$ cat start29.cif   # mmCIF, C-alpha atoms and all ligand atoms
data_target
#
loop_
_atom_site.label_atom_id
_atom_site.label_comp_id
_atom_site.auth_asym_id
_atom_site.auth_seq_id
_atom_site.Cartn_x
_atom_site.Cartn_y
_atom_site.Cartn_z
CA MET A 1 28.94 -36.57 -4.71
CA ASP A 2 28.13 -39.81 -2.87
CA GLN A 3 27.31 -37.85 0.25
CA LEU A 4 24.99 -35.49 -1.64
CA LEU A 5 23.26 -38.46 -3.28
CA ALA A 6 22.84 -40.18 0.06
CA GLU A 7 21.37 -37.05 1.71
CA LEU A 8 18.99 -36.33 -1.18
CA SER A 9 17.79 -39.95 -1.20
CA ARG A 10 16.66 -39.53 2.40
CA LEU A 11 14.13 -36.83 1.46
CA PRO A 12 10.51 -37.99 1.30
CA GLY A 13 9.40 -39.09 -2.14
CA VAL A 14 12.93 -38.98 -3.56
CA GLY A 15 14.17 -42.29 -4.93
CA ARG A 16 17.62 -43.11 -6.29
CA LYS A 17 16.83 -41.86 -9.80
CA THR A 18 15.43 -38.52 -8.65
CA ALA A 19 18.35 -38.08 -6.26
CA GLU A 20 20.77 -38.56 -9.16
CA ARG A 21 18.90 -36.05 -11.29
CA LEU A 22 18.89 -33.47 -8.48
CA ALA A 23 22.55 -34.05 -7.66
CA HIS A 24 23.56 -33.53 -11.28
CA HIS A 25 21.42 -30.42 -11.39
CA VAL A 26 23.27 -29.07 -8.34
CA LEU A 27 26.59 -29.87 -10.04
CA ARG A 28 25.61 -27.78 -13.05
CA MET A 29 24.26 -24.88 -10.97
CA PRO A 30 26.20 -21.62 -10.81
CA ARG A 31 28.14 -21.43 -7.56
CA GLU A 32 25.93 -18.60 -6.15
CA ASP A 33 22.71 -20.56 -6.72
CA ALA A 34 24.09 -23.60 -4.96
CA ASP A 35 25.28 -21.42 -2.07
CA ARG A 36 21.84 -19.82 -1.82
CA LEU A 37 20.16 -23.25 -1.64
CA ALA A 38 22.59 -24.43 1.04
CA ARG A 39 22.09 -21.19 2.98
CA ALA A 40 18.29 -21.47 2.81
CA ILE A 41 18.43 -24.98 4.29
CA HIS A 42 20.85 -23.84 6.98
CA GLU A 43 18.81 -20.73 7.87
CA VAL A 44 15.44 -22.46 8.07
CA LYS A 45 16.86 -24.79 10.70
CA ARG A 46 18.64 -22.01 12.55
CA ARG A 47 15.71 -19.57 12.65
CA THR A 48 12.68 -21.72 13.18
CA ARG A 49 11.50 -23.38 16.31
CA SER A 50 8.35 -24.81 17.76
CA CYS A 51 5.75 -22.34 19.10
CA SER A 52 5.61 -22.78 22.89
CA VAL A 53 1.81 -22.53 22.78
CA CYS A 54 0.66 -24.51 19.73
CA ALA A 55 3.85 -26.32 18.61
CA ASN A 56 3.54 -24.87 15.10
CA VAL A 57 6.77 -24.09 13.23
CA THR A 58 7.63 -20.44 13.78
CA GLU A 59 10.37 -17.82 13.69
CA GLN A 60 8.87 -15.90 16.62
CA ASP A 61 7.47 -17.28 19.85
CA PRO A 62 4.52 -17.36 20.34
CA CYS A 63 3.83 -17.76 16.62
CA SER A 64 2.00 -15.13 14.55
CA ILE A 65 -1.27 -17.09 14.82
CA CYS A 66 -1.18 -17.49 18.61
CA SER A 67 -0.34 -13.81 19.02
CA ASP A 68 -3.04 -12.57 16.61
CA ALA A 69 -5.59 -10.74 18.78
CA ARG A 70 -8.26 -10.98 16.07
CA ARG A 71 -8.46 -14.75 16.40
CA ASP A 72 -10.74 -16.59 18.80
CA PRO A 73 -8.52 -18.11 21.50
CA GLN A 74 -11.36 -20.21 22.89
CA ARG A 75 -11.47 -22.46 19.84
CA VAL A 76 -8.59 -24.74 18.95
CA CYS A 77 -8.25 -26.90 15.86
CA VAL A 78 -6.00 -29.92 16.45
CA VAL A 79 -3.90 -31.04 13.47
CA GLU A 80 -1.18 -33.63 12.96
CA GLN A 81 1.46 -31.54 11.20
CA ALA A 82 2.51 -27.92 10.76
CA ARG A 83 1.69 -28.21 7.07
CA ASP A 84 -1.95 -28.90 7.97
CA VAL A 85 -2.03 -25.44 9.58
CA VAL A 86 -0.80 -24.00 6.28
CA ALA A 87 -3.62 -25.81 4.45
CA PHE A 88 -6.29 -24.41 6.82
CA GLU A 89 -4.78 -20.93 6.65
CA GLU A 90 -4.67 -20.96 2.85
CA ALA A 91 -8.34 -21.93 2.84
CA ALA A 92 -9.04 -19.07 5.32
CA ALA A 93 -11.39 -21.58 6.91
CA TRP A 94 -10.63 -21.19 10.61
CA ARG A 95 -10.55 -18.13 12.86
CA GLY A 96 -9.56 -19.90 16.05
CA LEU A 97 -6.13 -21.15 17.08
CA TYR A 98 -4.37 -24.44 16.32
CA HIS A 99 -2.57 -27.20 18.14
CA VAL A 100 0.04 -29.24 16.28
CA LEU A 101 0.32 -32.82 17.56
CA GLY A 102 3.57 -33.62 15.80
CA GLY A 103 2.19 -36.76 14.18
CA ARG A 104 -0.44 -39.33 15.03
CA ILE A 105 -0.58 -42.44 17.13
CA SER A 106 0.71 -45.27 14.97
CA PRO A 107 1.46 -48.65 16.55
CA LEU A 108 3.01 -49.82 13.25
CA ASP A 109 5.50 -46.95 13.17
CA GLY A 110 6.04 -47.10 16.91
CA VAL A 111 4.50 -43.66 17.58
CA ARG A 112 2.74 -43.60 20.95
CA ALA A 113 0.50 -40.99 22.55
CA GLY A 114 3.32 -39.80 24.81
CA GLU A 115 5.35 -38.66 21.81
CA LEU A 116 2.63 -36.27 20.65
CA THR A 117 1.74 -32.93 22.25
CA ILE A 118 -1.53 -34.22 23.76
CA GLY A 119 -0.36 -33.35 27.29
CA GLU A 120 0.30 -29.76 26.19
CA LEU A 121 -3.17 -29.63 24.64
CA VAL A 122 -4.75 -30.74 27.92
CA ARG A 123 -2.82 -28.02 29.76
CA ARG A 124 -4.05 -25.42 27.26
CA VAL A 125 -7.64 -26.46 27.84
CA GLU A 126 -7.17 -26.47 31.61
CA ASN A 127 -5.40 -23.11 31.81
CA ASP A 128 -6.22 -20.99 28.76
CA GLY A 129 -10.03 -20.93 28.75
CA VAL A 130 -10.43 -23.09 25.64
CA THR A 131 -14.09 -24.08 25.20
CA GLU A 132 -14.07 -25.96 21.93
CA ILE A 133 -11.69 -28.45 20.35
CA VAL A 134 -12.02 -29.45 16.69
CA VAL A 135 -9.97 -32.52 15.84
CA ALA A 136 -8.70 -32.53 12.26
CA THR A 137 -6.63 -35.70 12.22
CA SER A 138 -6.52 -37.84 9.07
CA PRO A 139 -9.71 -39.65 8.09
CA ASP A 140 -8.25 -43.13 8.57
CA LEU A 141 -7.74 -45.72 11.32
CA GLU A 142 -4.72 -44.01 12.86
CA GLY A 143 -6.39 -40.61 12.71
CA ASP A 144 -9.47 -42.12 14.37
CA GLY A 145 -7.34 -43.69 17.11
CA THR A 146 -5.55 -40.41 17.73
CA CYS A 147 -8.89 -38.58 17.95
CA LEU A 148 -10.17 -41.12 20.50
CA GLU A 149 -7.06 -40.68 22.61
CA ILE A 150 -7.51 -36.88 22.55
CA GLU A 151 -11.14 -37.22 23.60
CA ARG A 152 -10.12 -39.51 26.43
CA ALA A 153 -7.37 -37.17 27.61
CA LEU A 154 -9.76 -34.19 27.61
CA GLU A 155 -12.75 -35.93 29.14
CA HIS A 156 -12.23 -34.53 32.64
CA THR A 157 -12.17 -30.93 31.36
CA GLY A 158 -15.71 -31.00 29.93
CA VAL A 159 -14.51 -29.13 26.82
CA ARG A 160 -16.61 -29.66 23.68
CA VAL A 161 -14.75 -31.95 21.26
CA SER A 162 -15.82 -32.40 17.65
CA ARG A 163 -14.19 -33.80 14.55
CA ILE A 164 -14.13 -32.26 11.08
CA ALA A 165 -16.66 -33.72 8.68
CA ARG A 166 -15.58 -36.36 6.23
CA GLY A 167 -17.05 -38.11 3.25
CA VAL A 168 -17.59 -36.77 -0.25
CA PRO A 169 -15.37 -33.71 -0.87
CA THR A 170 -17.02 -30.48 -1.95
CA GLY A 171 -17.07 -30.22 -5.72
CA TYR A 172 -16.53 -33.95 -6.14
CA SER A 173 -18.75 -36.03 -8.35
CA LEU A 174 -20.67 -38.79 -6.58
CA GLU A 175 -20.01 -41.27 -9.35
CA ASN A 176 -16.27 -41.02 -8.65
CA ALA A 177 -16.60 -41.38 -4.88
CA SER A 178 -15.21 -44.54 -3.34
CA ALA A 179 -17.30 -46.83 -1.13
CA ALA A 180 -15.42 -45.56 1.94
CA MET A 181 -16.19 -41.93 1.03
CA LEU A 182 -19.88 -42.68 0.60
CA GLN A 183 -20.05 -44.64 3.87
CA ASP A 184 -18.34 -41.76 5.70
CA ALA A 185 -20.63 -39.23 4.06
CA LEU A 186 -23.75 -41.12 5.12
CA ARG A 187 -22.48 -41.57 8.65
CA GLY A 188 -21.74 -37.84 8.93
CA ARG A 189 -25.08 -36.69 7.45
CA TYR A 190 -26.82 -33.72 9.03
CA ALA A 191 -30.34 -32.36 9.11
CA VAL A 192 -31.27 -29.97 6.30
CA GLU A 193 -32.56 -26.89 8.07
CA GLU A 194 -34.43 -23.92 6.74
CA SER A 195 -31.19 -22.15 6.00
CA ALA A 196 -31.71 -21.43 2.33
CA ASP A 197 -32.03 -17.68 2.91
CA GLU A 198 -29.24 -17.47 5.41
CA PRO A 199 -25.66 -16.74 4.46
CA GLU A 200 -23.09 -19.51 4.76
CA PRO A 201 -21.60 -19.75 8.24
CA GLU A 202 -18.39 -17.77 8.24
CA SER A 203 -15.99 -19.92 10.13
CA GLU A 204 -17.31 -22.66 12.32
CA PRO A 205 -19.95 -24.92 10.86
CA GLU A 206 -22.89 -25.88 13.05
CA PRO A 207 -22.17 -28.93 15.16
CA PRO A 208 -23.44 -31.91 13.20
CA ALA A 209 -26.91 -33.04 14.17
CA GLU A 210 -27.42 -36.50 15.59
CA PRO A 211 -27.71 -38.87 12.65
CA ASP A 212 -31.02 -40.13 14.06
CA ALA A 213 -32.47 -36.64 13.82
CA ALA A 214 -31.87 -36.52 10.08
CA GLU A 215 -34.93 -37.07 8.00
ZN ZN A 301 1.48 -20.83 18.13
#

$ encode --input "start29.cif" --output "structure tokens" --more "lines below"
Ligand SMILES: [Zn+2]
Amino acid sequence: MDQLLAELSRLPGVGRKTAERLAHHVLRMPREDADRLARAIHEVKRRTRSCSVCANVTEQDPCSICSDARRDPQRVCVVEQARDVVAFEEAAAWRGLYHVLGGRISPLDGVRAGELTIGELVRRVENDGVTEIVVATSPDLEGDGTCLEIERALEHTGVRVSRIARGVPTGYSLENASAAMLQDALRGRYAVEESADEPEPESEPEPPAEPDAAE
């Protein structure tokens, strides 16, 4: 019981109290349910690995996204974690490929550029005909630093590098937006073009216009 409590407490977001509740729940579970849970944990570690192309979590290599011929292999969206890929896929917002960094540069947590898959990303751009990189790291200081490092590492390739827009979320009320959101939104403003009659862009938004060009 102590061992189970200790292991559960190590999960993210699980404190001592929650660990105790979960452990007692496991104790009361029918034997087959507990076995199934243990097996699922065992199997997910046994079957999954990192995609050799994009470093996403996968059961087959290359992963189903990298091997999908309908996707645009010239465009790569760079994310911190495999779960960010899931978020983009659920939103059906991206038709290119991905690259999973495995975290972000964080001096406080001791994560340096060399521990991320930036080198692999550079090799993809150099060898796989990638023409556009969209960086989707977190909209904070560490995400900014990671984006800068990626730009620097890719500079010699001449690939186009952009960053996803940030600011006020779609569907969000302005009166609830924080100062940081509003500052970001103003900084990332774009020119309003005569696009009222045109359909929404399907996957990739237009590259943002220079802020100075905005009226
Ligand atoms: Zn992949």

$ closest_atom_pairs --input "start29.cif" --of "chain A" --to "ligand ZN 301 (chain A)" --cutoff "8 Å" --atoms "all atoms listed in the file" --output "tab-separated table"
residue	atom	partner	partner_atom	distance
A:Ser50	CA	A:ZN301	ZN	7.9
A:Cys51	CA	A:ZN301	ZN	4.6
A:Ser52	CA	A:ZN301	ZN	6.6
A:Val53	CA	A:ZN301	ZN	5.0
A:Cys54	CA	A:ZN301	ZN	4.1
A:Ala55	CA	A:ZN301	ZN	6.0
A:Asn56	CA	A:ZN301	ZN	5.5
A:Val57	CA	A:ZN301	ZN	7.9
A:Thr58	CA	A:ZN301	ZN	7.5
A:Asp61	CA	A:ZN301	ZN	7.2
A:Pro62	CA	A:ZN301	ZN	5.1
A:Cys63	CA	A:ZN301	ZN	4.2
A:Ser64	CA	A:ZN301	ZN	6.8
A:Ile65	CA	A:ZN301	ZN	5.7
A:Cys66	CA	A:ZN301	ZN	4.3
A:Ser67	CA	A:ZN301	ZN	7.3
A:Leu97	CA	A:ZN301	ZN	7.7
A:Tyr98	CA	A:ZN301	ZN	7.1
A:His99	CA	A:ZN301	ZN	7.5

$ residues_around --input "start29.cif" --residues "segment 71-76 of chain A" --least-positions-apart "3" --cutoff "7 Å" --atoms "all atoms listed in the file" --output "number ranges by chain"
A: 68, 95-99, 129-134

$ closest_residue --input "start29.cif" --among "A:Arg49, A:Val159, A:Gly102, A:Ser138" --to "Glu126 of chain A" --atoms "all atoms listed in the file"
A:Val159

$ residues_around --input "start29.cif" --residues "Val135 of chain A" --least-positions-apart "5" --cutoff "8 Å" --atoms "all atoms listed in the file" --output "NGL selection string"
:A and (77-79 or 147 or 161-164)

$ closest_residue --input "start29.cif" --among "A:Glu20, A:Glu142, A:Glu151, A:Asp184" --to "Val111 of chain A" --atoms "all atoms listed in the file"
A:Glu142

$ residues_around --input "start29.cif" --residues "Leu186 of chain A" --least-positions-apart "2" --cutoff "10 Å" --atoms "all atoms listed in the file" --output "PyMOL selection string"
chain A and resi 166-168+180-184+188-190+211

$ closest_residue --input "start29.cif" --among "A:Ala191, A:Ile105, A:Leu116, A:Ala136" --to "Val85 of chain A" --atoms "all atoms listed in the file"
A:Ala136

$ atom_distance --input "start29.cif" --atom1 "atom CA of Leu108 of chain A" --atom2 "atom CA of Leu154 of chain A"
24.8 Å
